[in-house]
$ cat structure-v1.pdb   # PDB, C-alpha atoms
ATOM      1  CA  MET A   1      30.044 -11.403  24.863
ATOM      2  CA  SER A   2      27.943 -14.279  23.704
ATOM      3  CA  ARG A   3      25.686 -14.636  20.726
ATOM      4  CA  PHE A   4      21.950 -14.780  21.266
ATOM      5  CA  ARG A   5      18.894 -15.404  19.165
ATOM      6  CA  VAL A   6      15.926 -13.288  20.243
ATOM      7  CA  ALA A   7      12.505 -13.994  18.773
ATOM      8  CA  VAL A   8       9.772 -11.348  18.802
ATOM      9  CA  HIS A   9       6.056 -11.609  18.103
ATOM     10  CA  ILE A  10       4.421  -8.486  16.701
ATOM     11  CA  VAL A  11       0.635  -8.497  16.439
ATOM     12  CA  PRO A  12      -2.014  -5.930  15.543
ATOM     13  CA  ARG A  13      -3.152  -4.032  18.593
ATOM     14  CA  ARG A  14      -6.243  -5.568  20.198
ATOM     15  CA  GLY A  15      -9.441  -3.825  19.258
ATOM     16  CA  LEU A  16      -8.166  -2.552  15.910
ATOM     17  CA  LEU A  17      -9.869  -3.954  12.846
ATOM     18  CA  ASP A  18      -7.662  -6.810  11.590
ATOM     19  CA  PRO A  19      -9.096  -7.721   8.180
ATOM     20  CA  GLN A  20      -6.282 -10.150   7.445
ATOM     21  CA  GLY A  21      -6.926 -12.076  10.668
ATOM     22  CA  LYS A  22     -10.644 -12.044   9.941
ATOM     23  CA  ALA A  23     -10.121 -13.397   6.412
ATOM     24  CA  VAL A  24      -7.899 -16.205   7.720
ATOM     25  CA  GLY A  25     -10.450 -16.987  10.445
ATOM     26  CA  ASP A  26     -13.236 -17.180   7.861
ATOM     27  CA  ALA A  27     -11.122 -19.519   5.710
ATOM     28  CA  LEU A  28     -10.384 -21.788   8.686
ATOM     29  CA  ARG A  29     -14.086 -22.055   9.517
ATOM     30  CA  THR A  30     -14.823 -22.801   5.868
ATOM     31  CA  LEU A  31     -12.323 -25.651   6.133
ATOM     32  CA  GLY A  32     -14.328 -27.077   8.999
ATOM     33  CA  PHE A  33     -12.420 -25.696  11.993
ATOM     34  CA  SER A  34     -15.675 -24.450  13.411
ATOM     35  CA  ALA A  35     -14.264 -23.925  16.906
ATOM     36  CA  VAL A  36     -12.112 -21.034  15.685
ATOM     37  CA  GLN A  37     -13.224 -17.837  17.400
ATOM     38  CA  ASP A  38     -10.646 -15.277  16.428
ATOM     39  CA  VAL A  39      -7.411 -15.095  14.423
ATOM     40  CA  HIS A  40      -4.753 -12.417  14.368
ATOM     41  CA  VAL A  41      -1.952 -12.310  11.837
ATOM     42  CA  GLY A  42       1.271 -10.588  12.783
ATOM     43  CA  ARG A  43       5.005 -10.891  12.222
ATOM     44  CA  HIS A  44       7.680 -13.057  13.767
ATOM     45  CA  VAL A  45      11.107 -11.409  13.810
ATOM     46  CA  VAL A  46      14.287 -13.241  14.778
ATOM     47  CA  VAL A  47      17.314 -11.148  15.744
ATOM     48  CA  GLU A  48      20.749 -12.712  16.162
ATOM     49  CA  MET A  49      23.008 -10.480  18.183
ATOM     50  CA  ASP A  50      25.955 -10.260  20.533
ATOM     51  CA  ALA A  51      25.288  -9.269  24.137
ATOM     52  CA  SER A  52      26.846  -9.692  27.573
ATOM     53  CA  ASP A  53      23.937 -11.857  28.718
ATOM     54  CA  GLY A  54      20.400 -12.860  27.870
ATOM     55  CA  SER A  55      18.709 -10.019  29.685
ATOM     56  CA  ALA A  56      20.892  -7.460  27.903
ATOM     57  CA  ALA A  57      19.935  -9.052  24.606
ATOM     58  CA  GLU A  58      16.276  -8.867  25.529
ATOM     59  CA  ARG A  59      16.553  -5.235  26.635
ATOM     60  CA  SER A  60      18.233  -4.281  23.433
ATOM     61  CA  THR A  61      15.599  -6.071  21.373
ATOM     62  CA  ARG A  62      12.836  -4.217  23.209
ATOM     63  CA  GLU A  63      14.487  -0.951  22.159
ATOM     64  CA  MET A  64      14.584  -2.207  18.567
ATOM     65  CA  CYS A  65      10.871  -2.950  18.773
ATOM     66  CA  LYS A  66      10.067   0.504  20.059
ATOM     67  CA  LYS A  67      12.191   2.246  17.425
ATOM     68  CA  LEU A  68      11.591   0.173  14.330
ATOM     69  CA  LEU A  69      10.280  -3.381  14.516
ATOM     70  CA  ALA A  70       6.820  -2.472  15.837
ATOM     71  CA  ASN A  71       4.697   0.651  15.501
ATOM     72  CA  PRO A  72       3.181   1.403  18.908
ATOM     73  CA  VAL A  73       0.218   3.155  17.295
ATOM     74  CA  ILE A  74      -1.052  -0.041  15.746
ATOM     75  CA  GLU A  75       0.941  -2.984  17.089
ATOM     76  CA  ASP A  76       1.886  -4.777  20.285
ATOM     77  CA  PHE A  77       5.003  -6.889  20.639
ATOM     78  CA  GLU A  78       6.270  -9.529  22.992
ATOM     79  CA  ILE A  79       9.630 -11.212  23.312
ATOM     80  CA  ALA A  80       8.844 -14.835  22.489
ATOM     81  CA  SER A  81      12.200 -16.351  23.406
ATOM     82  CA  VAL A  82      15.868 -15.634  24.065
ATOM     83  CA  SER A  83      18.319 -18.442  23.390
ATOM     84  CA  THR A  84      22.087 -18.755  23.167
ATOM     85  CA  LEU A  85      23.697 -19.710  19.906
TER
ATOM     86  CA  MET B   1       9.247  28.488  -5.892
ATOM     87  CA  LYS B   2      11.412  25.396  -5.686
ATOM     88  CA  PHE B   3       9.916  21.997  -4.951
ATOM     89  CA  GLY B   4      12.170  19.152  -3.769
ATOM     90  CA  ILE B   5      10.813  15.711  -4.660
ATOM     91  CA  VAL B   6      12.341  12.855  -2.681
ATOM     92  CA  THR B   7      13.041   9.633  -4.545
ATOM     93  CA  PHE B   8      13.325   6.568  -2.328
ATOM     94  CA  PRO B   9      14.133   3.152  -3.748
ATOM     95  CA  GLY B  10      10.662   2.061  -4.850
ATOM     96  CA  SER B  11       9.115   5.524  -5.254
ATOM     97  CA  ASN B  12       7.029   5.592  -8.417
ATOM     98  CA  CYS B  13       5.110   8.869  -8.338
ATOM     99  CA  ASP B  14       8.137  11.160  -8.255
ATOM    100  CA  TYR B  15       7.904  11.793 -12.023
ATOM    101  CA  ASP B  16       4.187  12.540 -11.754
ATOM    102  CA  ALA B  17       4.918  15.031  -8.966
ATOM    103  CA  TYR B  18       7.626  16.620 -11.138
ATOM    104  CA  HIS B  19       5.174  16.889 -14.038
ATOM    105  CA  ALA B  20       2.561  18.518 -11.803
ATOM    106  CA  VAL B  21       5.013  21.082 -10.433
ATOM    107  CA  VAL B  22       6.910  21.909 -13.620
ATOM    108  CA  ASP B  23       4.385  21.439 -16.441
ATOM    109  CA  ALA B  24       1.069  22.160 -14.724
ATOM    110  CA  LEU B  25       2.123  24.676 -12.082
ATOM    111  CA  GLY B  26       5.052  26.208 -13.949
ATOM    112  CA  GLU B  27       7.423  26.126 -10.989
ATOM    113  CA  GLU B  28      10.880  24.670 -10.439
ATOM    114  CA  ALA B  29      11.431  21.126  -9.138
ATOM    115  CA  VAL B  30      14.453  19.024  -8.266
ATOM    116  CA  TYR B  31      14.724  15.359  -7.426
ATOM    117  CA  LEU B  32      16.326  14.591  -4.086
ATOM    118  CA  TRP B  33      17.870  11.137  -3.707
ATOM    119  CA  HIS B  34      17.131   9.359  -0.453
ATOM    120  CA  LYS B  35      20.849   9.254   0.374
ATOM    121  CA  ASP B  36      21.245  13.013  -0.048
ATOM    122  CA  HIS B  37      21.960  15.115   3.017
ATOM    123  CA  ASP B  38      20.631  18.448   1.870
ATOM    124  CA  LEU B  39      17.418  19.728   0.341
ATOM    125  CA  ARG B  40      19.226  21.907  -2.236
ATOM    126  CA  GLY B  41      17.331  25.028  -1.285
ATOM    127  CA  SER B  42      13.860  23.558  -1.730
ATOM    128  CA  ASP B  43      10.999  25.647  -0.354
ATOM    129  CA  VAL B  44       8.528  22.774  -0.430
ATOM    130  CA  ILE B  45       9.233  19.063   0.020
ATOM    131  CA  ILE B  46       7.134  16.394  -1.662
ATOM    132  CA  LEU B  47       7.237  12.840  -0.322
ATOM    133  CA  PRO B  48       5.787  11.003  -3.313
ATOM    134  CA  GLY B  49       3.836   7.795  -3.675
ATOM    135  CA  GLY B  50       5.264   4.378  -4.371
ATOM    136  CA  PHE B  51       6.479   1.358  -2.472
ATOM    137  CA  SER B  52       9.603   2.602  -0.741
ATOM    138  CA  TYR B  53      11.856  -0.266   0.293
ATOM    139  CA  GLY B  54       9.265  -2.676  -1.052
ATOM    140  CA  ASP B  55       6.971  -1.871   1.893
ATOM    141  CA  TYR B  56       9.182  -4.224   3.909
ATOM    142  CA  LEU B  57       8.406  -4.535   7.623
ATOM    143  CA  ARG B  58       5.586  -1.928   7.480
ATOM    144  CA  VAL B  59       4.685   0.647   4.873
ATOM    145  CA  GLY B  60       6.993   3.646   5.262
ATOM    146  CA  ALA B  61       8.899   2.127   8.173
ATOM    147  CA  ILE B  62      12.307   1.839   6.512
ATOM    148  CA  ALA B  63      12.140   5.007   4.402
ATOM    149  CA  ARG B  64      11.755   6.988   7.563
ATOM    150  CA  PHE B  65      15.401   6.230   8.362
ATOM    151  CA  SER B  66      16.782   7.356   5.000
ATOM    152  CA  PRO B  67      19.467  10.047   5.372
ATOM    153  CA  ILE B  68      17.319  12.635   3.563
ATOM    154  CA  MET B  69      14.520  12.222   6.125
ATOM    155  CA  ARG B  70      16.616  13.862   8.820
ATOM    156  CA  GLU B  71      16.654  17.006   6.648
ATOM    157  CA  VAL B  72      12.964  16.664   5.790
ATOM    158  CA  VAL B  73      12.035  16.458   9.482
ATOM    159  CA  ALA B  74      14.190  19.536  10.228
ATOM    160  CA  HIS B  75      12.515  21.352   7.309
ATOM    161  CA  ALA B  76       9.090  20.495   8.754
ATOM    162  CA  GLU B  77      10.151  21.549  12.249
ATOM    163  CA  ARG B  78      11.103  24.964  10.823
ATOM    164  CA  GLY B  79       7.470  25.261   9.726
ATOM    165  CA  ALA B  80       8.211  24.802   6.029
ATOM    166  CA  PRO B  81       5.693  22.922   3.874
ATOM    167  CA  VAL B  82       5.786  19.168   3.283
ATOM    168  CA  LEU B  83       3.301  17.515   0.939
ATOM    169  CA  ALA B  84       3.177  13.791   1.706
ATOM    170  CA  ILE B  85       1.209  11.756  -0.801
ATOM    171  CA  CYS B  86       0.171   8.096  -0.497
ATOM    172  CA  ASN B  87       3.382   6.248   0.455
ATOM    173  CA  GLY B  88       4.669   9.684   1.459
ATOM    174  CA  PHE B  89       1.751   9.937   3.916
ATOM    175  CA  GLN B  90       2.690   6.530   5.325
ATOM    176  CA  ILE B  91       6.317   7.646   5.685
ATOM    177  CA  ALA B  92       5.294  10.927   7.345
ATOM    178  CA  CYS B  93       3.237   9.003   9.929
ATOM    179  CA  GLU B  94       6.123   6.633  10.642
ATOM    180  CA  ALA B  95       8.469   9.617  10.984
ATOM    181  CA  GLY B  96       6.143  11.226  13.530
ATOM    182  CA  LEU B  97       5.381  14.243  11.318
ATOM    183  CA  LEU B  98       1.713  13.267  11.418
ATOM    184  CA  PRO B  99      -0.299  11.306  13.995
ATOM    185  CA  GLY B 100      -1.745   7.847  13.375
ATOM    186  CA  ALA B 101      -0.855   5.147  10.868
ATOM    187  CA  LEU B 102      -2.063   3.675   7.585
ATOM    188  CA  LEU B 103      -3.092   0.031   7.695
ATOM    189  CA  ARG B 104      -4.044  -2.575   5.120
ATOM    190  CA  ASN B 105      -7.331  -1.689   3.406
ATOM    191  CA  ALA B 106     -10.298  -3.245   5.178
ATOM    192  CA  SER B 107     -11.235  -5.016   1.934
ATOM    193  CA  LEU B 108      -7.697  -6.464   1.693
ATOM    194  CA  ARG B 109      -7.774  -5.286  -1.911
ATOM    195  CA  PHE B 110      -5.592  -2.769  -3.678
ATOM    196  CA  VAL B 111      -7.938   0.012  -4.776
ATOM    197  CA  CYS B 112      -7.153   2.022  -7.886
ATOM    198  CA  GLU B 113      -9.928   4.387  -8.905
ATOM    199  CA  ALA B 114     -11.016   8.011  -9.016
ATOM    200  CA  VAL B 115     -12.735   8.903  -5.757
ATOM    201  CA  ARG B 116     -14.768  11.841  -4.612
ATOM    202  CA  LEU B 117     -13.426  13.890  -1.727
ATOM    203  CA  ARG B 118     -14.892  16.726   0.257
ATOM    204  CA  VAL B 119     -12.602  19.588   1.227
ATOM    205  CA  GLU B 120     -13.209  19.875   4.960
ATOM    206  CA  ASN B 121     -10.945  22.779   5.808
ATOM    207  CA  THR B 122      -9.914  25.512   3.388
ATOM    208  CA  ASP B 123      -7.961  27.444   5.990
ATOM    209  CA  THR B 124      -4.700  25.575   5.352
ATOM    210  CA  GLN B 125      -1.756  26.329   3.122
ATOM    211  CA  PHE B 126      -2.674  23.308   0.988
ATOM    212  CA  THR B 127      -6.382  23.976   0.451
ATOM    213  CA  ASN B 128      -6.915  27.754   0.385
ATOM    214  CA  ARG B 129      -7.754  27.661  -3.330
ATOM    215  CA  TYR B 130     -10.730  25.369  -2.784
ATOM    216  CA  ALA B 131     -14.218  26.368  -1.623
ATOM    217  CA  ASP B 132     -15.501  25.162   1.736
ATOM    218  CA  GLY B 133     -17.132  21.766   1.331
ATOM    219  CA  GLN B 134     -16.096  21.586  -2.331
ATOM    220  CA  LEU B 135     -16.349  18.126  -3.850
ATOM    221  CA  ILE B 136     -13.345  17.131  -5.897
ATOM    222  CA  THR B 137     -12.382  14.010  -7.824
ATOM    223  CA  ILE B 138      -8.874  12.642  -7.368
ATOM    224  CA  PRO B 139      -7.534   9.132  -7.959
ATOM    225  CA  ILE B 140      -6.387   6.764  -5.248
ATOM    226  CA  ALA B 141      -4.097   3.773  -5.772
ATOM    227  CA  HIS B 142      -3.133   1.951  -2.613
ATOM    228  CA  GLY B 143      -3.326  -1.262  -0.632
ATOM    229  CA  ASP B 144      -2.595   0.294   2.751
ATOM    230  CA  GLY B 145      -4.709   3.411   3.144
ATOM    231  CA  ARG B 146      -6.877   2.714   6.177
ATOM    232  CA  TYR B 147      -6.213   5.680   8.419
ATOM    233  CA  THR B 148      -6.101   4.600  12.064
ATOM    234  CA  ALA B 149      -5.435   6.492  15.268
ATOM    235  CA  ASP B 150      -6.379   6.058  18.903
ATOM    236  CA  ALA B 151      -9.618   7.641  20.121
ATOM    237  CA  ASP B 152      -7.932  10.634  21.778
ATOM    238  CA  THR B 153      -5.893  11.469  18.692
ATOM    239  CA  LEU B 154      -8.925  11.121  16.474
ATOM    240  CA  ALA B 155     -10.989  13.432  18.677
ATOM    241  CA  ARG B 156      -8.142  15.941  18.777
ATOM    242  CA  ILE B 157      -7.579  16.165  15.034
ATOM    243  CA  GLU B 158     -11.328  16.336  14.427
ATOM    244  CA  GLY B 159     -11.659  19.118  16.998
ATOM    245  CA  GLU B 160      -8.734  21.079  15.619
ATOM    246  CA  GLY B 161     -10.056  20.948  12.069
ATOM    247  CA  ARG B 162      -7.028  18.988  10.916
ATOM    248  CA  ILE B 163      -8.987  16.600   8.741
ATOM    249  CA  VAL B 164      -8.607  18.282   5.395
ATOM    250  CA  PHE B 165     -10.058  15.751   2.968
ATOM    251  CA  ARG B 166     -12.727  13.128   3.557
ATOM    252  CA  TYR B 167     -13.986  10.428   1.231
ATOM    253  CA  VAL B 168     -17.626  10.900   0.291
ATOM    254  CA  GLY B 169     -20.041   8.753  -1.701
ATOM    255  CA  GLY B 170     -21.949   9.737  -4.814
ATOM    256  CA  PRO B 171     -23.021  13.299  -5.637
ATOM    257  CA  GLY B 172     -26.316  12.917  -3.793
ATOM    258  CA  ASP B 173     -24.960  11.838  -0.460
ATOM    259  CA  ALA B 174     -22.070  14.128   0.172
ATOM    260  CA  ASP B 175     -22.724  14.101   3.886
ATOM    261  CA  GLU B 176     -22.454  10.401   4.245
ATOM    262  CA  TRP B 177     -19.024   9.299   5.357
ATOM    263  CA  TRP B 178     -17.764   6.593   3.141
ATOM    264  CA  SER B 179     -14.359   5.290   2.515
ATOM    265  CA  PRO B 180     -12.848   2.929  -0.024
ATOM    266  CA  ASN B 181     -10.285   1.582   2.448
ATOM    267  CA  GLY B 182     -12.032   1.536   5.828
ATOM    268  CA  SER B 183     -10.365   4.710   7.131
ATOM    269  CA  MET B 184     -11.618   5.926  10.483
ATOM    270  CA  ASN B 185     -14.094   8.791   9.964
ATOM    271  CA  ALA B 186     -13.512   8.427   6.202
ATOM    272  CA  ILE B 187     -10.255  10.337   6.555
ATOM    273  CA  ALA B 188      -8.394  10.876   3.277
ATOM    274  CA  GLY B 189      -5.984  13.628   4.341
ATOM    275  CA  ILE B 190      -4.839  15.415   7.493
ATOM    276  CA  VAL B 191      -2.481  18.244   8.416
ATOM    277  CA  SER B 192       0.032  18.449  11.248
ATOM    278  CA  GLY B 193      -0.635  20.494  14.371
ATOM    279  CA  ALA B 194       1.318  23.434  12.941
ATOM    280  CA  GLY B 195      -0.487  22.986   9.627
ATOM    281  CA  ASN B 196       2.629  22.779   7.456
ATOM    282  CA  VAL B 197       2.585  19.041   6.739
ATOM    283  CA  LEU B 198      -0.222  17.570   4.660
ATOM    284  CA  GLY B 199      -0.586  13.809   4.374
ATOM    285  CA  MET B 200      -3.116  12.408   1.937
ATOM    286  CA  MET B 201      -3.725   9.023   0.322
ATOM    287  CA  PRO B 202      -5.292  10.399  -2.912
ATOM    288  CA  HIS B 203      -2.914  11.560  -5.634
ATOM    289  CA  PRO B 204      -3.374  15.262  -6.475
ATOM    290  CA  GLU B 205      -0.335  15.088  -8.785
ATOM    291  CA  ARG B 206      -2.254  12.655 -10.996
ATOM    292  CA  ALA B 207      -5.183  15.058 -11.301
ATOM    293  CA  VAL B 208      -3.688  18.159 -12.879
ATOM    294  CA  ASP B 209      -5.039  17.893 -16.424
ATOM    295  CA  ASP B 210      -8.643  17.629 -17.617
ATOM    296  CA  LEU B 211      -7.423  15.610 -20.561
ATOM    297  CA  LEU B 212      -6.471  12.844 -18.112
ATOM    298  CA  GLY B 213      -9.767  12.880 -16.252
ATOM    299  CA  SER B 214      -9.480  15.636 -13.643
ATOM    300  CA  SER B 215      -7.574  18.748 -12.776
ATOM    301  CA  ASP B 216      -9.017  18.913  -9.274
ATOM    302  CA  GLY B 217      -5.639  18.137  -7.700
ATOM    303  CA  LEU B 218      -4.024  21.266  -9.054
ATOM    304  CA  GLY B 219      -5.652  23.276  -6.272
ATOM    305  CA  VAL B 220      -3.334  21.660  -3.719
ATOM    306  CA  PHE B 221      -0.275  22.924  -5.595
ATOM    307  CA  GLU B 222      -1.779  26.341  -6.337
ATOM    308  CA  SER B 223      -2.715  26.725  -2.673
ATOM    309  CA  ILE B 224       0.900  26.153  -1.615
ATOM    310  CA  LEU B 225       2.005  28.740  -4.152
ATOM    311  CA  SER B 226      -0.478  31.409  -3.122
ATOM    312  CA  ARG B 227       0.253  30.866   0.569
ATOM    313  CA  VAL B 228       4.005  31.159   0.244
ATOM    314  CA  ALA B 229       3.740  34.037  -2.253
ATOM    315  CA  ALA B 230       1.391  35.942   0.072
TER
END
$ encode --input "structure-v1.pdb" --output "structure tokens"
Amino acid sequence: MSRFRVAVHIVPRRGLLDPQGKAVGDALRTLGFSAVQDVHVGRHVVVEMDASDGSAAERSTREMCKKLLANPVIEDFEIASVSTL
Amino acid sequence: MKFGIVTFPGSNCDYDAYHAVVDALGEEAVYLWHKDHDLRGSDVIILPGGFSYGDYLRVGAIARFSPIMREVVAHAERGAPVLAICNGFQIACEAGLLPGALLRNASLRFVCEAVRLRVENTDTQFTNRYADGQLITIPIAHGDGRYTADADTLARIEGEGRIVFRYVGGPGDADEWWSPNGSMNAIAGIVSGAGNVLGMMPHPERAVDDLLGSSDGLGVFESILSRVAA
């Protein structure tokens, strides 16, 4: 067993109205970042866990996403990184 | 009839629900703590409004895993009634008792006001005391009430008559869909496929006394009573 740090990005599902992302996008353009086309605001979750190897840690984290960390009705997730501690 | 009102850490409408059941309806109610493992013989379960677990992660996401929810889900699977209000609606969606999810209001603002609803289906155990198409006034108070579901789900619940309450505009434009939170199809409340779980963002328990602005919510409680008594 080793200890891993798994980072997950959870974002609103594409195509769903994301008023928070839109508000942030509007604010960025107001600040002069006129090239900004679209912004989505989600969550970044970091899980520290013990696992036999990195792929086991990633598998387990995917299960966590399906059961709790993300809601498949409204959100998509991706494993951003897996690193050893 | 005995109503079981679940109190999660952060629930804040459990006392209002108790008042509606005991003082307005004249029935028995008990509080059920989220760590409890039995429903103490309750015939009807109320999942009340509030901010369970501080709305951490997603609204309703953590409450769904409270010990009492296992019993509530079993109660619902037996076909027994569950009235899920506001945060309770969010919890019921997370628990899979109802389809879809409630997202942050499109305006990004918390809305707290009396709204007008149209009763879309009176053939349910929660609405049989209303008239078809009746307009009622019930308060809302939420930041995350934008009902969202995928296109197939939306078409299915529309087709099956499971949209029970819809937000409508002023008295003159009752047919115009309008919603204070950006809900798809102006959905304010839906029932489960078996019809025994009602989820709604408006607060019927806060509209049980004319002295406080409206008693239009009482019909929800009276409907449950007449259905189960029948």
$ closest_atom_pairs --input "structure-v1.pdb" --of "chain B" --to "chain A" --cutoff "10 Å" --atoms "only C-alpha atoms" --output "CSV"
residue,atom,partner,partner_atom,distance
B:Leu57,CA,A:Leu69,CA,7.2
B:Arg58,CA,A:Ala70,CA,8.5
B:Ala61,CA,A:Leu68,CA,7.0
B:Ile62,CA,A:Leu68,CA,8.0
B:Arg64,CA,A:Leu68,CA,9.6
B:Phe65,CA,A:Leu68,CA,9.3
B:Cys93,CA,A:Val73,CA,9.9
B:Glu94,CA,A:Asn71,CA,7.8
B:Pro99,CA,A:Val73,CA,8.8
B:Gly100,CA,A:Val73,CA,6.4
B:Ala101,CA,A:Val73,CA,6.8
B:Leu102,CA,A:Ile74,CA,9.0
B:Leu103,CA,A:Ile74,CA,8.3
B:Arg104,CA,A:Pro19,CA,7.8
B:Asn105,CA,A:Pro19,CA,7.9
B:Ala106,CA,A:Pro19,CA,5.5
B:Ser107,CA,A:Pro19,CA,7.1
B:Leu108,CA,A:Pro19,CA,6.8
B:Arg146,CA,A:Leu17,CA,9.9
B:Thr148,CA,A:Ile74,CA,7.8
B:Ala149,CA,A:Val73,CA,6.9
B:Asp150,CA,A:Val73,CA,7.4
B:Gly182,CA,A:Leu17,CA,9.2
$ residues_around --input "structure-v1.pdb" --residues "Asp132 (chain B)" --least-positions-apart "3" --cutoff "9 Å" --atoms "all atoms listed in the file" --output "PDB file with C-alpha atoms, in the coordinates of the input"
ATOM      1  CA  ARG B 118     -14.892  16.726   0.257  1.00  0.00           C
ATOM      2  CA  VAL B 119     -12.602  19.588   1.227  1.00  0.00           C
ATOM      3  CA  GLU B 120     -13.209  19.875   4.960  1.00  0.00           C
ATOM      4  CA  ASN B 121     -10.945  22.779   5.808  1.00  0.00           C
ATOM      5  CA  THR B 122      -9.914  25.512   3.388  1.00  0.00           C
ATOM      6  CA  ASP B 123      -7.961  27.444   5.990  1.00  0.00           C
TER       7      ASP B 123
END
$ resolve_selection --input "structure-v1.pdb" --expression "the PyMOL selection byres ((chain B and resi 72) around 10)" --output "ChimeraX atom specification"
/B:4,6,37-39,44-47,64,67-71,73-78,80-82,92,95,97
$ closest_residue --input "structure-v1.pdb" --among "A:Val24, A:Ile79, A:Ala35, A:Val11" --to "Ala57 (chain A)" --atoms "all atoms listed in the file"
A:Ile79
$ atom_distance --input "structure-v1.pdb" --atom1 "CA of Thr153 (chain B)" --atom2 "CA of Val115 (chain B)"
25.5 Å
$ closest_residue --input "structure-v1.pdb" --among "A:Val36, A:Ala7, A:Met1, A:Val82" --to "Ser55 (chain A)" --atoms "all atoms listed in the file"
A:Val82
$ resolve_selection --input "structure-v1.pdb" --expression "the PyMOL selection byres ((chain B and resi 18) around 12)" --output "ChimeraX atom specification"
/B:2-7,12-17,19-32,45-48,205-206,208,221
$ closest_residue --input "structure-v1.pdb" --among "A:Glu58, A:Glu63, A:Asp38, A:Asp26" --to "Ala80 (chain A)" --atoms "all atoms listed in the file"
A:Glu58
$ atom_distance --input "structure-v1.pdb" --atom1 "CA of Val168 (chain B)" --atom2 "CA of Leu117 (chain B)"
5.5 Å
$ atom_distance --input "structure-v1.pdb" --atom1 "CA of Ser42 (chain B)" --atom2 "CA of Gln90 (chain B)"
21.6 Å
$ resolve_selection --input "structure-v1.pdb" --expression "the PyMOL selection byres ((chain B and resi 187) around 7)" --output "PyMOL selection string"
chain B and resi 147+163+165-167+183-186+188-189
$ residues_near_point --input "structure-v1.pdb" --point "(27.8, -9.5, 21.2)" --cutoff "9 Å" --atoms "only C-alpha atoms" --output "VMD selection string"
chain A and resid 1 to 4 49 to 53 57
$ residues_around --input "structure-v1.pdb" --residues "Val111 (chain B)" --least-positions-apart "6" --cutoff "10 Å" --atoms "all atoms listed in the file" --output "list in words"
Asn105, Pro139, Ile140, Ala141, His142, Gly143, Asp144, Gly145, Pro180 and Asn181 of chain B
$ axis_aligned_box --input "structure-v1.pdb" --around "region 11-16 of chain A" --padding-each-side "4 Å" --output "AutoDock Vina command-line options"
--center_x -4.4 --center_y -5.5 --center_z 17.9 --size_x 18.1 --size_y 13.9 --size_z 12.7
